[in-house]
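Chemist: The following file, input28.txt, comprises compact mmCIF, C-alpha atoms:
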# COMPACT_ATOMS: atom_id res chain seq x y z
CA MET Q 1 119.13 71.99 99.03
CA THR Q 2 121.15 73.53 101.86
CA PHE Q 3 122.33 76.39 99.65
CA GLY Q 4 118.77 76.99 98.47
CA LEU Q 5 117.34 76.99 102.01
CA LEU Q 6 120.12 79.28 103.23
CA ALA Q 7 119.59 81.67 100.32
CA GLY Q 8 115.83 81.57 100.90
CA GLY Q 9 116.17 82.29 104.61
CA LEU Q 10 118.55 85.18 104.04
CA SER Q 11 116.36 86.55 101.26
CA VAL Q 12 113.23 86.48 103.43
CA LEU Q 13 115.10 88.08 106.32
CA LEU Q 14 116.52 90.86 104.14
CA ALA Q 15 113.20 91.36 102.33
CA VAL Q 16 111.28 91.73 105.60
CA ALA Q 17 113.90 94.11 107.00
CA ALA Q 18 113.92 96.17 103.79
CA TRP Q 19 110.12 96.25 103.74
CA ILE Q 20 109.88 97.43 107.32
CA ILE Q 21 112.56 100.12 106.95
CA VAL Q 22 111.50 101.44 103.54
CA SER Q 23 107.75 101.31 104.20
CA GLN Q 24 108.16 103.14 107.50
CA ASN Q 25 110.34 105.78 105.86
CA LEU Q 26 107.96 106.26 102.95
CA THR Q 27 104.96 106.42 105.28
CA SER Q 28 106.74 108.88 107.55
CA GLU Q 29 107.70 111.07 104.58
CA HIS Q 30 104.14 110.95 103.26
CA GLU Q 31 102.73 111.95 106.63
CA SER Q 32 105.29 114.75 106.95
CA GLU Q 33 104.40 116.07 103.50
CA ALA Q 34 100.67 115.83 104.33
CA ALA Q 35 101.23 117.70 107.61
CA LEU Q 36 103.34 120.36 105.88
CA GLN Q 37 100.74 120.87 103.16
CA ALA Q 38 97.98 121.02 105.78
CA ALA Q 39 99.97 123.62 107.73
CA LEU Q 40 100.34 125.79 104.62
CA ASN Q 41 96.64 125.49 103.80
CA ARG Q 42 95.76 126.11 107.45
CA SER Q 43 97.64 129.43 107.29
CA THR Q 44 95.59 130.44 104.25
CA VAL Q 45 92.36 129.47 105.99
CA GLN Q 46 93.41 131.31 109.16
CA SER Q 47 94.13 134.45 107.15
CA SER Q 48 90.75 134.27 105.47
CA LEU Q 49 89.00 133.83 108.80
CA ASP Q 50 90.91 136.74 110.27
CA GLU Q 51 89.71 138.90 107.39
CA GLY Q 52 86.12 137.89 108.09
CA ARG Q 53 85.61 135.50 105.18
CA THR Q 54 83.79 132.43 106.36
CA GLY Q 55 83.32 130.48 103.10
CA ILE Q 56 85.64 127.54 103.15
CA GLU Q 57 85.72 127.40 99.33
CA THR Q 58 86.98 131.01 99.18
CA ALA Q 59 89.22 130.51 102.18
CA LEU Q 60 90.89 127.41 100.59
CA PRO Q 61 90.75 127.89 96.82
CA ASN Q 62 93.31 125.10 96.05
CA PRO Q 63 92.79 122.09 98.34
CA VAL Q 64 95.03 118.99 97.79
CA ARG Q 65 94.07 117.05 94.67
CA GLY Q 66 91.87 114.07 95.43
CA GLY Q 67 91.48 115.15 99.03
CA ALA Q 68 89.33 117.57 100.98
CA ALA Q 69 89.40 120.13 103.76
CA LEU Q 70 87.13 120.56 106.78
CA VAL Q 71 86.89 123.64 109.01
CA LEU Q 72 85.23 123.92 112.42
CA GLN Q 73 84.34 127.47 113.51
CA ASP Q 74 81.73 128.68 115.94
CA ALA Q 75 80.49 125.07 116.28
CA ASN Q 76 79.83 124.95 112.54
CA TRP Q 77 81.48 122.41 110.19
CA ARG Q 78 82.25 123.45 106.62
CA SER Q 79 83.77 121.02 104.09
CA THR Q 80 85.00 121.20 100.49
CA ALA Q 81 83.29 117.87 99.76
CA PRO Q 82 80.08 116.53 101.32
CA GLN Q 83 81.46 113.01 101.97
CA PHE Q 84 84.25 114.40 104.11
CA GLY Q 85 82.54 115.44 107.30
CA PRO Q 86 83.32 115.15 111.00
CA SER Q 87 82.06 111.57 110.98
CA GLY Q 88 84.92 110.63 108.64
CA LEU Q 89 87.58 111.73 111.10
CA PRO Q 90 89.55 109.13 113.10
CA PRO Q 91 87.95 108.53 116.52
CA GLY Q 92 88.94 111.11 119.13
CA MET Q 93 90.90 113.22 116.68
CA ALA Q 94 88.48 116.15 116.56
CA ALA Q 95 88.39 116.57 120.34
CA LYS Q 96 92.15 116.57 120.68
CA VAL Q 97 92.68 119.07 117.83
CA ILE Q 98 89.99 121.40 119.23
CA GLN Q 99 91.92 121.34 122.50
CA GLY Q 100 95.00 122.58 120.66
CA ALA Q 101 96.82 119.32 119.63
CA ARG Q 102 98.35 118.72 116.23
CA MET Q 103 97.63 115.23 114.87
CA VAL Q 104 98.24 113.07 111.77
CA ASP Q 105 96.41 109.77 111.37
CA GLY Q 106 95.06 107.43 108.73
CA VAL Q 107 91.46 106.72 107.80
CA THR Q 108 89.50 104.94 105.06
CA VAL Q 109 86.61 106.68 103.34
CA ALA Q 110 84.54 104.85 100.70
CA GLY Q 111 87.24 102.22 100.33
CA VAL Q 112 90.06 104.76 99.82
CA THR Q 113 92.81 105.30 102.38
CA TYR Q 114 93.69 108.86 103.37
CA THR Q 115 96.11 110.59 105.67
CA VAL Q 116 94.26 113.08 107.86
CA ALA Q 117 96.11 116.08 109.35
CA GLY Q 118 94.39 118.12 112.07
CA LEU Q 119 95.56 121.55 113.28
CA PRO Q 120 93.93 124.06 115.67
CA LEU Q 121 92.71 127.50 114.48
CA GLN Q 122 92.14 130.81 116.18
CA PRO Q 123 90.10 131.69 118.10
CA PRO Q 124 90.23 128.64 120.44
CA GLY Q 125 87.65 126.00 119.62
CA ALA Q 126 88.23 126.26 115.87
CA ALA Q 127 90.08 123.52 113.95
CA TYR Q 128 91.28 122.63 110.48
CA PHE Q 129 91.38 119.09 109.01
CA GLU Q 130 92.73 117.96 105.66
CA TRP Q 131 92.44 114.58 103.90
CA THR Q 132 95.38 113.59 101.62
CA PRO Q 133 94.98 110.39 99.50
CA THR Q 134 97.66 107.68 99.90
CA ASP Q 135 97.22 106.03 96.49
CA ALA Q 136 100.72 107.06 95.35
CA LEU Q 137 102.21 105.67 98.54
CA THR Q 138 100.20 102.48 98.16
CA ARG Q 139 101.41 101.95 94.59
CA THR Q 140 105.00 102.55 95.70
CA LEU Q 141 104.68 100.02 98.51
CA GLU Q 142 103.10 97.45 96.16
CA LEU Q 143 105.97 97.86 93.70
CA LEU Q 144 108.42 97.53 96.58
CA ALA Q 145 106.74 94.35 97.80
CA ALA Q 146 106.70 92.85 94.29
CA GLY Q 147 110.37 93.71 93.83
CA LEU Q 148 111.34 92.14 97.13
CA VAL Q 149 109.39 88.94 96.36
CA VAL Q 150 110.96 88.63 92.91
CA SER Q 151 114.40 89.33 94.37
CA ALA Q 152 113.88 86.64 97.00
CA LEU Q 153 112.79 84.08 94.41
CA VAL Q 154 115.72 84.92 92.15
CA THR Q 155 118.09 84.66 95.10
CA VAL Q 156 116.68 81.24 96.03
CA ALA Q 157 117.06 80.05 92.43
CA LEU Q 158 120.61 81.32 92.28
CA GLY Q 159 121.31 79.68 95.64
CA VAL Q 160 120.00 76.33 94.36
CA LEU Q 161 122.08 76.61 91.19
CA LEU Q 162 125.15 77.60 93.14
CA GLY Q 163 124.55 74.78 95.59
CA ARG Q 164 124.17 72.27 92.79
CA LEU Q 165 127.37 73.47 91.16
CA ALA Q 166 129.25 73.46 94.44
CA THR Q 167 127.91 70.02 95.32
CA ARG Q 168 128.99 68.60 91.97
CA LEU Q 169 132.45 70.06 92.36
CA ALA Q 170 132.77 68.91 95.95
CA LEU Q 171 131.36 65.41 95.38
CA ARG Q 172 132.98 64.75 92.00
CA PRO Q 173 135.85 62.76 93.59
CA LEU Q 174 133.33 60.73 95.60
CA THR Q 175 131.21 60.13 92.48
CA GLU Q 176 134.26 58.97 90.55
CA LEU Q 177 135.24 56.75 93.47
CA VAL Q 178 131.79 55.14 93.54
CA GLN Q 179 131.86 54.56 89.78
CA VAL Q 180 135.35 53.07 89.78
CA ALA Q 181 134.59 50.96 92.87
CA GLY Q 182 131.48 49.66 91.10
CA ARG Q 183 133.57 48.68 88.07
CA VAL Q 184 136.07 46.92 90.32
CA ALA Q 185 133.24 45.11 92.12
CA ALA Q 186 131.94 44.00 88.70
CA GLY Q 187 135.36 42.46 87.93
CA ASP Q 188 137.11 45.24 86.05
CA LEU Q 189 140.40 45.32 87.95
CA GLY Q 190 141.88 47.68 85.37
CA ALA Q 191 139.69 50.58 86.58
CA ARG Q 192 141.59 53.39 88.26
CA LEU Q 193 140.79 56.78 89.79
CA PRO Q 194 142.14 59.78 87.85
CA THR Q 195 144.74 61.79 89.74
CA SER Q 196 144.07 65.42 90.65
CA ALA Q 197 146.04 68.52 91.61
CA ASP Q 198 143.95 68.77 94.76
CA PRO Q 199 146.19 67.33 97.51
CA ASP Q 200 143.29 65.70 99.36
CA VAL Q 201 141.85 64.12 96.22
CA HIS Q 202 145.31 63.14 95.00
CA ALA Q 203 145.99 61.28 98.24
CA LEU Q 204 142.66 59.47 97.98
CA ALA Q 205 143.22 58.51 94.33
CA THR Q 206 146.77 57.34 94.99
CA SER Q 207 145.74 55.21 97.97
CA PHE Q 208 142.75 53.72 96.14
CA ASN Q 209 144.76 52.93 93.00
CA ALA Q 210 147.52 51.34 95.08
CA THR Q 211 144.92 49.13 96.77
CA ILE Q 212 143.49 48.03 93.42
CA ASP Q 213 147.01 47.36 92.11
CA GLN Q 214 147.65 45.06 95.05
CA LEU Q 215 144.28 43.37 94.56
CA GLN Q 216 144.97 42.87 90.85
CA ARG Q 217 148.36 41.34 91.58
CA ARG Q 218 146.81 39.09 94.20
CA VAL Q 219 144.06 37.93 91.86
CA ALA Q 220 146.57 37.30 89.07
CA THR Q 221 148.77 35.35 91.46
CA ASP Q 222 145.85 33.27 92.72
CA ALA Q 223 144.65 32.65 89.17
CA ARG Q 224 148.12 31.58 88.05
CA PHE Q 225 148.41 29.32 91.09
CA ALA Q 226 145.04 27.68 90.39
CA LEU Q 227 145.98 27.29 86.73
CA ASP Q 228 149.32 25.70 87.61
CA VAL Q 229 147.70 23.37 90.15
CA SER Q 230 145.04 22.36 87.65
CA HIS Q 231 147.67 21.62 85.01
CA GLU Q 232 149.70 19.61 87.50
CA LEU Q 233 146.63 17.58 88.42
CA ARG Q 234 145.88 16.61 84.85
CA THR Q 235 148.69 14.06 84.60
CA PRO Q 236 147.85 12.03 87.72
CA LEU Q 237 144.17 12.43 86.92
CA THR Q 238 144.69 10.97 83.46
CA THR Q 239 146.56 8.06 85.02
CA MET Q 240 143.75 7.52 87.51
CA LEU Q 241 141.09 7.63 84.81
CA ASN Q 242 142.96 5.16 82.62
CA SER Q 243 143.58 2.85 85.56
CA VAL Q 244 139.95 2.94 86.65
CA GLN Q 245 138.84 2.29 83.08
CA VAL Q 246 141.15 -0.74 82.86
CA ILE Q 247 139.68 -2.08 86.09
CA ARG Q 248 136.11 -1.42 84.88
CA ASN Q 249 136.83 -3.36 81.71
CA ARG Q 250 137.48 -6.38 83.98
CA ARG Q 251 134.64 -5.65 86.35
CA ASP Q 252 132.99 -9.03 85.76
CA GLU Q 253 136.18 -10.77 86.92
CA LEU Q 254 136.20 -8.96 90.24
CA PRO Q 255 134.56 -10.28 93.41
CA VAL Q 256 131.10 -8.95 94.10
CA ALA Q 257 132.29 -7.24 97.27
CA VAL Q 258 134.79 -5.17 95.26
CA ARG Q 259 132.41 -4.02 92.54
CA GLU Q 260 130.49 -1.48 94.67
CA PRO Q 261 133.67 0.30 95.91
CA LEU Q 262 134.82 0.33 92.29
CA ASP Q 263 131.62 2.10 91.22
CA LEU Q 264 132.03 4.66 94.02
CA LEU Q 265 135.65 5.23 93.04
CA THR Q 266 134.66 5.68 89.38
CA ALA Q 267 132.03 8.29 90.28
CA ASP Q 268 134.44 10.22 92.49
CA VAL Q 269 137.18 10.16 89.87
CA GLU Q 270 134.69 11.48 87.32
CA ARG Q 271 133.70 14.28 89.70
CA PHE Q 272 137.38 15.00 90.21
CA ARG Q 273 137.85 15.24 86.44
CA VAL Q 274 134.94 17.69 86.09
CA LEU Q 275 136.30 19.76 88.98
CA VAL Q 276 139.74 20.01 87.39
CA VAL Q 277 138.24 21.00 84.04
CA ASP Q 278 136.10 23.68 85.73
CA LEU Q 279 139.06 25.01 87.67
CA LEU Q 280 141.11 25.20 84.49
CA GLU Q 281 138.32 27.15 82.80
CA PHE Q 282 137.97 29.59 85.68
CA SER Q 283 141.73 29.98 85.98
CA ARG Q 284 142.10 30.83 82.30
CA ASP Q 285 139.43 33.53 82.64
CA ASP Q 286 141.04 34.96 85.76
CA ALA Q 287 144.43 34.88 84.08
CA GLY Q 288 143.08 37.11 81.31
CA ASP Q 289 141.98 34.79 78.50
CA ARG Q 290 140.04 36.86 75.96
CA LEU Q 291 136.82 35.99 74.23
CA GLN Q 292 137.30 34.69 70.68
CA PRO Q 293 133.86 34.84 69.08
CA GLU Q 294 132.85 33.43 65.73
CA ASP Q 295 129.64 33.62 63.73
CA VAL Q 296 127.23 30.79 64.59
CA VAL Q 297 123.52 30.11 64.19
CA ILE Q 298 122.63 30.40 67.84
CA ALA Q 299 119.50 28.19 67.69
CA ASP Q 300 121.47 25.31 66.15
CA LEU Q 301 124.20 25.63 68.78
CA VAL Q 302 121.64 25.58 71.62
CA ARG Q 303 119.77 22.62 70.12
CA TYR Q 304 122.95 20.59 69.71
CA ALA Q 305 124.27 21.30 73.22
CA ALA Q 306 120.93 20.88 75.04
CA ASP Q 307 119.77 17.72 73.27
CA HIS Q 308 123.22 16.14 73.61
CA ALA Q 309 123.40 16.94 77.34
CA ALA Q 310 119.87 15.62 78.01
CA GLY Q 311 120.23 12.60 75.75
CA ARG Q 312 116.88 13.36 74.11
CA PRO Q 313 115.24 16.13 72.04
CA ILE Q 314 114.16 18.89 74.44
CA THR Q 315 114.79 22.09 72.44
CA GLN Q 316 112.12 24.32 70.92
CA VAL Q 317 113.00 27.26 68.67
CA ASP Q 318 110.60 30.10 67.85
CA ASP Q 319 110.37 31.23 64.25
CA THR Q 320 111.76 34.59 65.39
CA ALA Q 321 115.04 32.93 66.41
CA ARG Q 322 115.56 30.63 63.42
CA GLY Q 323 118.61 31.50 61.40
CA VAL Q 324 119.80 34.24 63.80
CA VAL Q 325 123.58 34.52 63.46
CA MET Q 326 125.52 35.79 66.47
CA GLY Q 327 129.16 36.24 67.36
CA VAL Q 328 129.85 33.87 70.26
CA GLU Q 329 132.63 31.60 71.39
CA LYS Q 330 131.24 28.16 70.65
CA HIS Q 331 133.01 26.32 73.45
CA ARG Q 332 131.86 28.75 76.13
CA MET Q 333 128.28 28.97 74.90
CA GLU Q 334 127.98 25.18 74.59
CA ARG Q 335 129.28 24.97 78.15
CA VAL Q 336 126.57 27.40 79.30
CA ILE Q 337 123.77 25.28 77.83
CA THR Q 338 125.32 21.99 78.95
CA ASN Q 339 125.78 23.16 82.54
CA LEU Q 340 122.19 24.42 82.78
CA VAL Q 341 120.74 21.21 81.37
CA ASP Q 342 123.01 19.04 83.56
CA ASN Q 343 121.99 21.08 86.58
CA ALA Q 344 118.29 20.57 85.78
CA GLU Q 345 118.81 16.85 85.21
CA ALA Q 346 120.81 16.26 88.38
CA HIS Q 347 119.21 18.67 90.83
CA GLY Q 348 115.93 19.92 89.34
CA GLY Q 349 113.95 16.75 88.77
CA GLY Q 350 114.87 16.67 85.09
CA CYS Q 351 114.99 19.18 82.27
CA VAL Q 352 111.61 19.43 80.55
CA ASP Q 353 112.19 22.17 77.99
CA VAL Q 354 114.81 24.44 76.42
CA HIS Q 355 113.19 27.30 74.54
CA VAL Q 356 114.93 29.78 72.22
CA SER Q 357 113.30 33.05 71.08
CA ARG Q 358 114.23 36.49 69.81
CA VAL Q 359 112.58 39.42 71.62
CA LEU Q 360 113.00 43.04 72.64
CA ASP Q 361 113.82 43.60 76.30
CA GLY Q 362 112.40 46.36 78.49
CA HIS Q 363 114.90 48.85 77.08
CA GLY Q 364 114.13 48.05 73.45
CA HIS Q 365 117.32 46.03 72.91
CA ASP Q 366 117.29 43.12 70.45
CA ILE Q 367 118.13 39.94 72.38
CA VAL Q 368 118.03 36.17 72.10
CA ARG Q 369 116.38 34.60 75.14
CA ILE Q 370 117.09 31.01 76.17
CA LEU Q 371 114.84 29.38 78.78
CA VAL Q 372 115.77 26.17 80.61
CA ASP Q 373 112.87 24.69 82.64
CA ASP Q 374 112.95 21.83 85.13
CA THR Q 375 110.39 20.02 87.29
CA GLY Q 376 112.07 20.61 90.66
CA PRO Q 377 110.76 22.52 93.68
CA GLY Q 378 112.04 25.87 92.41
CA ILE Q 379 114.48 28.23 94.05
CA PRO Q 380 113.62 30.68 96.86
CA GLU Q 381 114.07 34.33 95.97
CA ALA Q 382 116.67 34.75 98.71
CA ASP Q 383 118.91 32.17 97.00
CA ARG Q 384 118.44 33.23 93.37
CA GLN Q 385 121.62 35.29 93.29
CA ARG Q 386 123.79 33.20 95.60
CA ILE Q 387 123.41 30.06 93.50
CA PHE Q 388 125.74 31.64 90.93
CA ASP Q 389 128.54 31.94 93.50
CA ARG Q 390 131.45 29.54 93.30
CA PHE Q 391 130.89 26.32 95.23
CA ALA Q 392 127.39 27.38 96.33
CA ARG Q 393 125.63 24.34 97.76
CA GLY Q 394 122.41 23.45 99.55
CA ASP Q 395 122.20 21.10 102.50
CA ALA Q 396 121.07 17.55 102.11
CA SER Q 397 117.62 18.28 103.45
CA GLY Q 398 116.97 20.83 100.78
CA SER Q 399 116.65 23.79 103.17
CA PRO Q 400 117.45 26.31 101.97
CA ARG Q 401 116.70 25.09 98.49
CA ARG Q 402 120.04 25.81 96.84
CA ARG Q 403 120.95 24.75 93.32
CA GLU Q 404 124.37 23.79 92.03
CA THR Q 405 126.12 21.44 89.66
CA GLY Q 406 128.03 18.48 90.94
CA THR Q 407 131.21 20.44 91.72
CA GLY Q 408 129.61 23.71 92.78
CA LEU Q 409 131.18 25.60 89.84
CA GLY Q 410 128.72 24.90 87.05
CA LEU Q 411 126.37 27.85 87.56
CA ALA Q 412 129.27 30.17 88.37
CA ILE Q 413 130.79 29.24 85.00
CA VAL Q 414 127.43 29.90 83.35
CA GLU Q 415 127.27 33.41 84.80
CA ARG Q 416 130.91 34.11 83.87
CA HIS Q 417 130.53 33.00 80.24
CA VAL Q 418 127.21 34.78 79.72
CA ALA Q 419 128.67 38.02 81.14
CA LEU Q 420 131.67 37.74 78.80
CA HIS Q 421 129.19 37.71 75.90
CA GLY Q 422 127.51 40.89 77.19
CA GLY Q 423 124.43 39.05 78.46
CA ARG Q 424 122.86 38.17 81.78
CA VAL Q 425 121.50 35.03 83.43
CA SER Q 426 118.77 34.89 86.06
CA VAL Q 427 116.41 32.39 87.61
CA GLU Q 428 112.67 32.51 88.21
CA ASP Q 429 109.72 30.14 88.62
CA ASN Q 430 108.13 28.48 85.61
CA ALA Q 431 104.44 27.83 85.12
CA GLU Q 432 104.67 24.37 86.69
CA GLY Q 433 106.42 25.61 89.84
CA GLY Q 434 109.90 24.46 88.92
CA ALA Q 435 112.93 26.61 88.26
CA ARG Q 436 113.44 28.48 85.01
CA PHE Q 437 116.92 29.71 84.12
CA VAL Q 438 116.82 32.66 81.73
CA VAL Q 439 119.81 33.52 79.54
CA GLU Q 440 119.60 36.79 77.60
CA LEU Q 441 122.21 37.55 74.95
CA PRO Q 442 122.38 40.72 72.83
CA VAL Q 443 122.03 39.94 69.14
CA SER Q 444 124.60 42.67 68.43
CA GLY Q 445 127.06 41.13 70.83
CA PRO Q 446 130.82 40.71 70.42
CA ARG Q 447 131.70 40.16 66.78
CA PRO Q 448 134.66 38.10 65.57
CA SER Q 449 137.50 39.94 63.91
CA ARG Q 450 139.04 38.75 60.62
CA ARG Q 451 141.96 37.39 62.58
CA ASP Q 452 139.61 35.45 64.90
CA ARG Q 453 137.71 34.02 61.93
CA ALA Q 454 140.95 33.10 60.24
Kindly return the structure encoded in the file as structure tokens.
Modeler:
Amino acid sequence: MTFGLLAGGLSVLLAVAAWIIVSQNLTSEHESEAALQAALNRSTVQSSLDEGRTGIETALPNPVRGGAALVLQDANWRSTAPQFGPSGLPPGMAAKVIQGARMVDGVTVAGVTYTVAGLPLQPPGAAYFEWTPTDALTRTLELLAAGLVVSALVTVALGVLLGRLATRLALRPLTELVQVAGRVAAGDLGARLPTSADPDVHALATSFNATIDQLQRRVATDARFALDVSHELRTPLTTMLNSVQVIRNRRDELPVAVREPLDLLTADVERFRVLVVDLLEFSRDDAGDRLQPEDVVIADLVRYAADHAAGRPITQVDDTARGVVMGVEKHRMERVITNLVDNAEAHGGGCVDVHVSRVLDGHGHDIVRILVDDTGPGIPEADRQRIFDRFARGDASGSPRRRETGTGLGLAIVERHVALHGGRVSVEDNAEGGARFVVELPVSGPRPSRRDRA
């Protein structure tokens, strides 16, 4: 835009300057030629008058083409054409020429512009006037104006194109930086900026890549640490679970005062077990575990996981989704459905429906859509993205109305697993006012290789 405006301003400035200079020169040349021609014709007329011939037609046998001549002698006006009389002269011109002045001026007669030259004759009091048409000059000036306008428009267009090219070249490193930074923000820590021979760009790329290298090492270290801690916790956790189970088997033999603390301990140990399992799953993903898909009938997998998690039949499958085979990792996809149903049961007033259908999204892509509805109060729009963060929780009063599984990792795991399958998960309101979690998976998602199937 700046290049275009600059080119436009310069073009207008140059066009106006060229118009003023050229038009003035052409007009001056035309007036000089008209005055010279009038002077030559005036000499012929003066000679005729000196010889006693008074007829203007005989005195000026070859007046300028398209124009006319007018002679004043002895207070009589004689013209080569009736429409060119003293009334057609510019105001005040006749008096000045009669007094001995030489004048050139412009006038319009019957819609046509003329240059009028006036010269005095002898004896004093006589004068000669000649009209010269300016149509040739007018056409030249019109062509000049059209050429300048076209040149200005072409210059503006070239300026815009040049500006666009220059902007692309200048902002290419910034564009690449934005793209790579977006990939890094989306979790692709392997993205890097390409190096360049430009010293400024090279320094930027080197610094950015070094920062991402450090971030990648830090994430890998944290993931390995979490994985190691989770593994180390499994042994004491197993011992705790077995010990609690042994005590629960003899619950009836315990005093009544001990039974309630035992129930609380059992619930906390179970939460601890779920937390360790979730941490292990996240740590494996962060450590670089790859998706290992296999062909499954997606509706059957959803029905099994949802009904098993709810403890009752809650799944509905559209005819469009029956028999649809997709490449998914069964464990991860079952975990997605289980976490959503558990979340609805524990924090959404109960899961009322799990619906599976096959549709085309807004971009025409073939997808399988899974809807999980609950009867809770719904989720405010401001919290609909944050609920998928790790350990996102709402306060006890329900304000803001946050949603999470028991450990705060359930919905984060859902988002992670769905993204690994090339899909997306979102939340909206259902028809009854509760929350509706929407999982969309591409039918042509990741396919298992022969090795994976083997």
Chemist: Neighbouring residues of Asp389 (chain Q) were defined as those with any atom within 8 Å, considering all atoms listed in the file; residues of the same chain fewer than 3 positions away were excluded. Please report them as a PyMOL selection string.
Modeler: chain Q and resi 385-386+392+409+411-412
Chemist: For Arg384 (chain Q), work out the shell of residues within 8 Å, counting all atoms listed in the file and skipping chain neighbours fewer than 3 positions away, then give it as a count of residues only.
Modeler: 8
Chemist: So how far away is CA of Val107 (chain Q) from CA of Leu141 (chain Q), in Å?
Modeler: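 According to the coordinates, CA of Leu141 (chain Q) and CA of Val107 (chain Q) are separated by 17.5 Å.
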Chemist: Would you mind reading off the distance between CA of Ile314 (chain Q) and CA of Gly364 (chain Q), one decimal, in Å?
Modeler: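 Distance between the two atoms: 29.2 Å.
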Chemist: Select, from Q:Val296, Q:Leu275, Q:Ala267, Q:Ile212, the residue with the minimum atom-to-atom distance to Lys330 (chain Q), counting all atoms listed in the file.
Modeler: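 When distances to Lys330 (chain Q) are compared using all atoms listed in the file, the smallest one comes from Q:Val296.
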Chemist: Just the residues within 7 Å of Asp295 (chain Q), please, counting all atoms listed in the file, with nothing from its chain fewer than 4 positions along; format it as a count of residues only.
Modeler: 5
Chemist: Could you jot down the CA of Ala310 (chain Q) to CA of Val269 (chain Q) separation for me, Å, one decimal place?
Modeler: 21.7 Å
Chemist: I need the residue nearest Glu29 (chain Q) from this list: Q:Glu432, Q:Gly422, Q:Leu137, Q:Leu301. Use only C-alpha atoms for the distance.
Modeler: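 Nearest to Glu29 (chain Q): Q:Leu137.
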Chemist: Where atoms are absent from region 144-156 of chain Q, fill them in so it carries N, CA and C atoms, then output it as a PDB file, keeping the file's coordinate frame.
Modeler:
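The result, stored in rebuild33.pdb:
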ATOM      1  N   LEU Q 144     107.330  97.972  95.706  1.00  0.00           N
ATOM      2  CA  LEU Q 144     108.420  97.530  96.580  1.00  0.00           C
ATOM      3  C   LEU Q 144     108.231  96.075  97.001  1.00  0.00           C
ATOM      4  N   ALA Q 145     107.007  95.728  97.383  1.00  0.00           N
ATOM      5  CA  ALA Q 145     106.740  94.350  97.800  1.00  0.00           C
ATOM      6  C   ALA Q 145     106.981  93.376  96.658  1.00  0.00           C
ATOM      7  N   ALA Q 146     106.484  93.724  95.444  1.00  0.00           N
ATOM      8  CA  ALA Q 146     106.700  92.850  94.290  1.00  0.00           C
ATOM      9  C   ALA Q 146     108.180  92.693  93.996  1.00  0.00           C
ATOM     10  N   GLY Q 147     108.927  93.790  94.084  1.00  0.00           N
ATOM     11  CA  GLY Q 147     110.370  93.710  93.830  1.00  0.00           C
ATOM     12  C   GLY Q 147     111.081  92.841  94.832  1.00  0.00           C
ATOM     13  N   LEU Q 148     110.704  92.961  96.102  1.00  0.00           N
ATOM     14  CA  LEU Q 148     111.340  92.140  97.130  1.00  0.00           C
ATOM     15  C   LEU Q 148     111.015  90.662  96.952  1.00  0.00           C
ATOM     16  N   VAL Q 149     109.765  90.340  96.585  1.00  0.00           N
ATOM     17  CA  VAL Q 149     109.390  88.940  96.360  1.00  0.00           C
ATOM     18  C   VAL Q 149     110.160  88.356  95.188  1.00  0.00           C
ATOM     19  N   VAL Q 150     110.218  89.115  94.084  1.00  0.00           N
ATOM     20  CA  VAL Q 150     110.960  88.630  92.910  1.00  0.00           C
ATOM     21  C   VAL Q 150     112.434  88.456  93.256  1.00  0.00           C
ATOM     22  N   SER Q 151     112.992  89.429  93.987  1.00  0.00           N
ATOM     23  CA  SER Q 151     114.400  89.330  94.370  1.00  0.00           C
ATOM     24  C   SER Q 151     114.648  88.099  95.242  1.00  0.00           C
ATOM     25  N   ALA Q 152     113.721  87.818  96.143  1.00  0.00           N
ATOM     26  CA  ALA Q 152     113.880  86.640  97.000  1.00  0.00           C
ATOM     27  C   ALA Q 152     113.831  85.355  96.189  1.00  0.00           C
ATOM     28  N   LEU Q 153     112.890  85.280  95.247  1.00  0.00           N
ATOM     29  CA  LEU Q 153     112.790  84.080  94.410  1.00  0.00           C
ATOM     30  C   LEU Q 153     114.030  83.901  93.549  1.00  0.00           C
ATOM     31  N   VAL Q 154     114.511  85.000  92.969  1.00  0.00           N
ATOM     32  CA  VAL Q 154     115.720  84.920  92.150  1.00  0.00           C
ATOM     33  C   VAL Q 154     116.909  84.487  93.000  1.00  0.00           C
ATOM     34  N   THR Q 155     116.991  85.024  94.211  1.00  0.00           N
ATOM     35  CA  THR Q 155     118.090  84.660  95.100  1.00  0.00           C
ATOM     36  C   THR Q 155     118.036  83.175  95.463  1.00  0.00           C
ATOM     37  N   VAL Q 156     116.824  82.667  95.727  1.00  0.00           N
ATOM     38  CA  VAL Q 156     116.680  81.240  96.030  1.00  0.00           C
ATOM     39  C   VAL Q 156     117.113  80.392  94.830  1.00  0.00           C
TER      40      VAL Q 156
END
